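Source file coords_29.pdb; content: PDB, C-alpha atoms.
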```pdb
MODEL        1
ATOM      1  CA  MET K  17     -73.683  65.152 -12.608
ATOM      2  CA  CYS K  18     -76.433  66.756 -10.520
ATOM      3  CA  VAL K  19     -80.108  66.314 -11.320
ATOM      4  CA  LEU K  20     -82.390  68.964  -9.898
ATOM      5  CA  ALA K  21     -86.129  68.391  -9.792
ATOM      6  CA  GLN K  22     -88.454  71.341  -9.777
ATOM      7  CA  VAL K  23     -92.231  71.444  -9.635
ATOM      8  CA  SER K  24     -93.873  74.229 -11.582
ATOM      9  CA  ASP K  25     -97.635  74.368 -12.187
ATOM     10  CA  GLY K  26     -97.893  70.725 -11.097
ATOM     11  CA  ILE K  27     -95.343  69.584 -13.700
ATOM     12  CA  LEU K  28     -92.101  67.977 -12.578
ATOM     13  CA  LYS K  29     -89.164  69.414 -14.483
ATOM     14  CA  ARG K  30     -85.658  67.999 -14.361
ATOM     15  CA  GLU K  31     -82.582  70.054 -14.919
ATOM     16  CA  ILE K  32     -79.263  68.338 -15.437
ATOM     17  CA  MET K  33     -76.196  70.198 -14.258
ATOM     18  CA  SER K  34     -72.640  69.043 -14.680
ATOM     19  CA  SER K  35     -70.503  68.419 -11.632
ATOM     20  CA  ARG K  36     -68.246  71.236 -10.428
ATOM     21  CA  ILE K  37     -64.720  69.874 -10.002
ATOM     22  CA  ALA K  38     -61.797  71.313  -8.039
ATOM     23  CA  ILE K  39     -58.229  70.036  -8.353
ATOM     24  CA  PHE K  40     -55.699  70.716  -5.603
ATOM     25  CA  ILE K  41     -52.106  69.570  -6.205
ATOM     26  CA  ASP K  42     -49.523  69.146  -3.439
ATOM     27  CA  GLY K  43     -46.511  70.147  -5.556
ATOM     28  CA  PRO K  44     -43.651  68.569  -3.580
ATOM     29  CA  ASN K  45     -45.564  65.296  -3.137
ATOM     30  CA  PHE K  46     -46.546  65.325  -6.814
ATOM     31  CA  PHE K  47     -42.936  65.901  -7.942
ATOM     32  CA  TYR K  48     -41.414  63.048  -5.927
ATOM     33  CA  MET K  49     -44.321  60.763  -6.796
ATOM     34  CA  GLN K  50     -43.407  61.210 -10.472
ATOM     35  CA  LYS K  51     -39.621  61.289 -10.145
ATOM     36  CA  ASP K  52     -39.162  58.387  -7.734
ATOM     37  CA  GLY K  53     -42.395  56.408  -8.108
ATOM     38  CA  LEU K  54     -43.686  56.640 -11.657
ATOM     39  CA  LYS K  55     -40.384  57.311 -13.440
ATOM     40  CA  TRP K  56     -42.388  59.385 -15.961
ATOM     41  CA  PHE K  57     -43.937  62.839 -15.729
ATOM     42  CA  VAL K  58     -47.562  63.924 -15.703
ATOM     43  CA  ASP K  59     -48.841  66.908 -17.709
ATOM     44  CA  PRO K  60     -50.900  69.042 -15.274
ATOM     45  CA  LYS K  61     -52.991  70.400 -18.166
ATOM     46  CA  LYS K  62     -53.968  66.837 -19.091
ATOM     47  CA  ILE K  63     -55.168  66.257 -15.505
ATOM     48  CA  ILE K  64     -57.749  69.015 -16.014
ATOM     49  CA  ALA K  65     -59.018  67.483 -19.273
ATOM     50  CA  TRP K  66     -59.068  63.966 -17.774
ATOM     51  CA  ALA K  67     -60.945  65.141 -14.657
ATOM     52  CA  GLY K  68     -63.733  66.724 -16.687
ATOM     53  CA  ARG K  69     -64.246  63.490 -18.625
ATOM     54  CA  LYS K  70     -63.889  61.127 -15.666
ATOM     55  CA  PHE K  71     -66.235  63.017 -13.349
ATOM     56  CA  ASP K  72     -68.603  64.276 -16.046
ATOM     57  CA  GLY K  73     -68.219  67.912 -15.185
ATOM     58  CA  GLU K  74     -66.337  71.149 -15.446
ATOM     59  CA  VAL K  75     -63.140  71.979 -13.604
ATOM     60  CA  VAL K  76     -64.031  75.243 -11.854
ATOM     61  CA  ASP K  77     -60.896  75.519  -9.715
ATOM     62  CA  ALA K  78     -57.372  74.157 -10.170
ATOM     63  CA  ARG K  79     -54.629  75.027  -7.690
ATOM     64  CA  TYR K  80     -50.988  74.043  -7.463
ATOM     65  CA  TYR K  81     -49.180  74.417  -4.121
ATOM     66  CA  GLN K  82     -45.406  74.625  -4.032
ATOM     67  CA  SER K  83     -42.764  75.201  -1.394
ATOM     68  CA  ILE K  84     -40.110  77.653  -2.568
ATOM     69  CA  ASP K  85     -36.458  77.308  -1.619
ATOM     70  CA  PRO K  86     -34.617  80.504  -2.655
ATOM     71  CA  GLU K  87     -31.412  78.507  -3.241
ATOM     72  CA  HIS K  88     -33.144  76.298  -5.842
ATOM     73  CA  MET K  89     -35.732  78.680  -7.321
ATOM     74  CA  ASN K  90     -34.299  78.610 -10.837
ATOM     75  CA  LYS K  91     -35.109  74.887 -11.163
ATOM     76  CA  ASP K  92     -38.836  75.422 -10.613
ATOM     77  CA  ALA K  93     -39.276  78.904 -12.089
ATOM     78  CA  ALA K  94     -40.185  77.967 -15.679
ATOM     79  CA  PHE K  95     -42.592  75.234 -14.579
ATOM     80  CA  LEU K  96     -44.331  77.489 -12.039
ATOM     81  CA  LYS K  97     -44.647  80.273 -14.627
ATOM     82  CA  ALA K  98     -46.251  77.835 -17.084
ATOM     83  CA  LEU K  99     -48.907  76.563 -14.651
ATOM     84  CA  PRO K 100     -51.289  79.566 -14.982
ATOM     85  CA  TYR K 101     -51.296  79.031 -18.760
ATOM     86  CA  MET K 102     -52.350  75.434 -18.086
ATOM     87  CA  GLY K 103     -55.292  76.613 -15.973
ATOM     88  CA  TYR K 104     -53.841  76.538 -12.446
ATOM     89  CA  SER K 105     -53.471  79.221  -9.819
ATOM     90  CA  VAL K 106     -50.102  78.879  -8.079
ATOM     91  CA  HIS K 107     -49.759  79.122  -4.302
ATOM     92  CA  LYS K 108     -46.195  79.369  -2.971
ATOM     93  CA  LYS K 109     -44.856  78.989   0.528
ATOM     94  CA  PRO K 110     -41.225  79.801   1.365
ATOM     95  CA  VAL K 111     -38.995  77.163   2.886
ATOM     96  CA  LYS K 112     -37.849  77.996   6.423
ATOM     97  CA  SER K 113     -34.683  76.914   8.155
ATOM     98  CA  VAL K 114     -35.500  75.062  11.381
ATOM     99  CA  GLN K 115     -33.080  74.262  14.216
ATOM    100  CA  ASP K 116     -33.568  72.078  17.264
ATOM    101  CA  GLY K 117     -30.285  72.827  19.011
ATOM    102  CA  THR K 118     -28.222  69.984  17.535
ATOM    103  CA  ASP K 119     -29.496  69.752  13.986
ATOM    104  CA  SER K 120     -30.975  72.011  11.317
ATOM    105  CA  TRP K 121     -33.086  71.398   8.221
ATOM    106  CA  ASN K 122     -35.342  73.171   5.760
ATOM    107  CA  GLU K 123     -39.099  72.712   5.686
ATOM    108  CA  ALA K 124     -42.242  74.275   4.252
ATOM    109  CA  ASP K 125     -45.452  72.661   5.399
ATOM    110  CA  ILE K 126     -47.956  73.476   2.662
ATOM    111  CA  THR K 127     -50.601  70.969   3.747
ATOM    112  CA  ILE K 128     -52.205  73.247   6.359
ATOM    113  CA  GLY K 129     -52.657  76.059   3.839
ATOM    114  CA  MET K 130     -54.052  73.616   1.300
ATOM    115  CA  MET K 131     -56.546  72.207   3.800
ATOM    116  CA  LEU K 132     -57.751  75.674   4.778
ATOM    117  CA  ASP K 133     -58.164  76.629   1.123
ATOM    118  CA  VAL K 134     -60.063  73.396   0.377
ATOM    119  CA  TRP K 135     -62.382  74.061   3.302
ATOM    120  CA  ASP K 136     -62.966  77.684   2.241
ATOM    121  CA  ALA K 137     -63.743  76.578  -1.339
ATOM    122  CA  LYS K 138     -66.040  73.641  -0.452
ATOM    123  CA  GLU K 139     -69.251  75.440  -1.466
ATOM    124  CA  HIS K 140     -67.894  75.964  -4.979
ATOM    125  CA  PHE K 141     -67.265  72.323  -5.924
ATOM    126  CA  ASP K 142     -69.072  68.987  -5.887
ATOM    127  CA  THR K 143     -65.966  66.860  -6.476
ATOM    128  CA  LEU K 144     -62.479  67.407  -5.114
ATOM    129  CA  ILE K 145     -59.527  65.751  -6.796
ATOM    130  CA  LEU K 146     -56.590  65.849  -4.422
ATOM    131  CA  VAL K 147     -53.233  65.073  -5.997
ATOM    132  CA  SER K 148     -51.255  63.925  -2.993
ATOM    133  CA  GLY K 149     -50.721  60.806  -0.967
ATOM    134  CA  CYS K 150     -50.003  62.646   2.272
ATOM    135  CA  GLY K 151     -51.864  61.266   5.281
ATOM    136  CA  ASP K 152     -52.276  64.788   6.690
ATOM    137  CA  PHE K 153     -55.288  65.174   4.381
ATOM    138  CA  GLU K 154     -57.238  62.333   6.008
ATOM    139  CA  GLU K 155     -59.354  64.594   8.266
ATOM    140  CA  ILE K 156     -60.332  67.105   5.559
ATOM    141  CA  VAL K 157     -61.308  64.228   3.261
ATOM    142  CA  GLU K 158     -63.541  62.791   5.972
ATOM    143  CA  ARG K 159     -65.195  66.140   6.686
ATOM    144  CA  LEU K 160     -65.855  66.837   3.009
ATOM    145  CA  LYS K 161     -67.416  63.408   2.550
ATOM    146  CA  GLN K 162     -69.663  64.035   5.582
ATOM    147  CA  ARG K 163     -70.915  67.153   3.793
ATOM    148  CA  GLY K 164     -71.819  65.211   0.653
ATOM    149  CA  LYS K 165     -68.723  66.015  -1.397
ATOM    150  CA  GLN K 166     -67.130  63.421  -3.633
ATOM    151  CA  VAL K 167     -63.379  63.168  -2.995
ATOM    152  CA  ALA K 168     -60.894  61.359  -5.212
ATOM    153  CA  ILE K 169     -57.183  60.947  -4.582
ATOM    154  CA  LEU K 170     -54.748  60.851  -7.502
ATOM    155  CA  ALA K 171     -51.463  59.295  -6.424
ATOM    156  CA  THR K 172     -49.480  56.095  -6.808
ATOM    157  CA  ASN K 173     -49.536  52.906  -4.757
ATOM    158  CA  ARG K 174     -46.120  53.691  -3.296
ATOM    159  CA  TYR K 175     -46.946  57.323  -2.489
ATOM    160  CA  ILE K 176     -50.205  57.197  -0.550
ATOM    161  CA  SER K 177     -50.825  56.862   3.156
ATOM    162  CA  GLY K 178     -52.752  53.716   4.033
ATOM    163  CA  ASP K 179     -55.194  55.724   6.169
ATOM    164  CA  LEU K 180     -55.862  58.218   3.368
ATOM    165  CA  ARG K 181     -56.421  55.415   0.894
ATOM    166  CA  ALA K 182     -58.876  53.782   3.304
ATOM    167  CA  LYS K 183     -60.851  57.057   3.532
ATOM    168  CA  VAL K 184     -61.431  57.258  -0.229
ATOM    169  CA  GLY K 185     -61.728  53.538  -1.052
ATOM    170  CA  GLN K 186     -62.574  53.145  -4.748
ATOM    171  CA  LYS K 187     -61.968  56.863  -5.293
ATOM    172  CA  PHE K 188     -58.223  56.256  -5.110
ATOM    173  CA  ILE K 189     -56.891  56.520  -8.645
ATOM    174  CA  ASP K 190     -53.360  55.338  -9.349
ATOM    175  CA  PHE K 191     -51.586  57.453 -11.966
ATOM    176  CA  GLN K 192     -50.343  54.198 -13.530
ATOM    177  CA  THR K 193     -53.931  53.346 -14.523
ATOM    178  CA  ILE K 194     -54.432  56.653 -16.371
ATOM    179  CA  GLN K 195     -50.941  57.026 -17.856
ATOM    180  CA  ALA K 196     -52.267  57.151 -21.427
ATOM    181  CA  ASP K 197     -54.485  60.100 -20.497
ATOM    182  CA  VAL K 198     -52.097  62.218 -18.433
ATOM    183  CA  LYS K 199     -48.481  61.428 -19.373
ATOM    184  CA  LYS K 200     -46.464  64.415 -20.491
ATOM    185  CA  ASP K 201     -45.503  64.330 -24.164
ATOM    186  CA  ASN K 202     -41.753  64.182 -24.757
TER
ENDMDL
END
```
Rewritten as structure tokens:
Amino acid sequence: MCVLAQVSDGILKREIMSSRIAIFIDGPNFFYMQKDGLKWFVDPKKIIAWAGRKFDGEVVDARYYQSIDPEHMNKDAAFLKALPYMGYSVHKKPVKSVQDGTDSWNEADITIGMMLDVWDAKEHFDTLILVSGCGDFEEIVERLKQRGKQVAILATNRYISGDLRAKVGQKFIDFQTIQADVKKDN
């Protein structure tokens, strides 16, 4: 919550504004965090409702980032189509085949795009909720905090980089502690 003080005709007036909240979800990290770590699934729509209550504000931006593998698109299609109806914009990045001469693998690094989008959006939020435990976000978290932004990480104990957790301290929120608020209904 922001409190603005304004002097008009020698009278101090206070205006209370709710916090502007942005939620950025690292889709692949979020999926494996649930599947392998939590063993239960989170309802992304419930994250939005929980965030507004927890941080006493309004979610003004919610984005879901997902790597897309054309060979496995059918698995994710229904979920990705549902996200806009839950309040999220969906940002997709295709998986690329990479070869180093002796080996090949598929990858889609979505963290760089997410970080650029967070940076571009920083004037439009007071609080960032980052749903990821990836240590690549350590620098953007530090820079946002230096600019007076509140940053919280939603992840699990097993799926968060130690350095990232150290950057947010008490603003690390383990999904296990909010299960009643965000667990997907069966």
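When all atoms listed in the file are used to measure the gap to Ser34 of chain K, the shortest distance among K:Thr143, K:Ile64, K:Pro100, K:Ala94 belongs to K:Thr143.
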d(atom CA of Gly53 of chain K, atom CA of Ile169 of chain K) in Å: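 Rounded to one decimal, the two atoms are 15.9 Å apart.
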Straight-line distance linking atom CA of Ala78 of chain K with atom CA of Ile63 of chain K, stated in Å to one decimal: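 Result for atom CA of Ala78 of chain K versus atom CA of Ile63 of chain K: 9.8 Å, one decimal.
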Between atom CA of Phe47 of chain K and atom CA of Thr118 of chain K, distance in Å (one decimal): 29.7 Å
Residue with smallest distance to Gly68 of chain K - pool K:Tyr80, K:Ala93, K:Arg36, K:Phe141, counting only C-alpha atoms: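 Going through K:Tyr80, K:Ala93, K:Arg36, K:Phe141 one by one, the smallest distance to Gly68 of chain K is for K:Arg36.
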Residues within 8 Å of segment 179-181 of chain K, all atoms listed in the file, excluding chain neighbours under 3 positions, as an MDAnalysis selection string: chainID K and resid 149:151 153:154 169 176 184:185 188
Pick from K:Ile156, K:Ala67, K:Ile145, K:Ile41 nearest to His107 of chain K, counting all atoms listed in the file: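 Of all the options, K:Ile41 lies closest to His107 of chain K.
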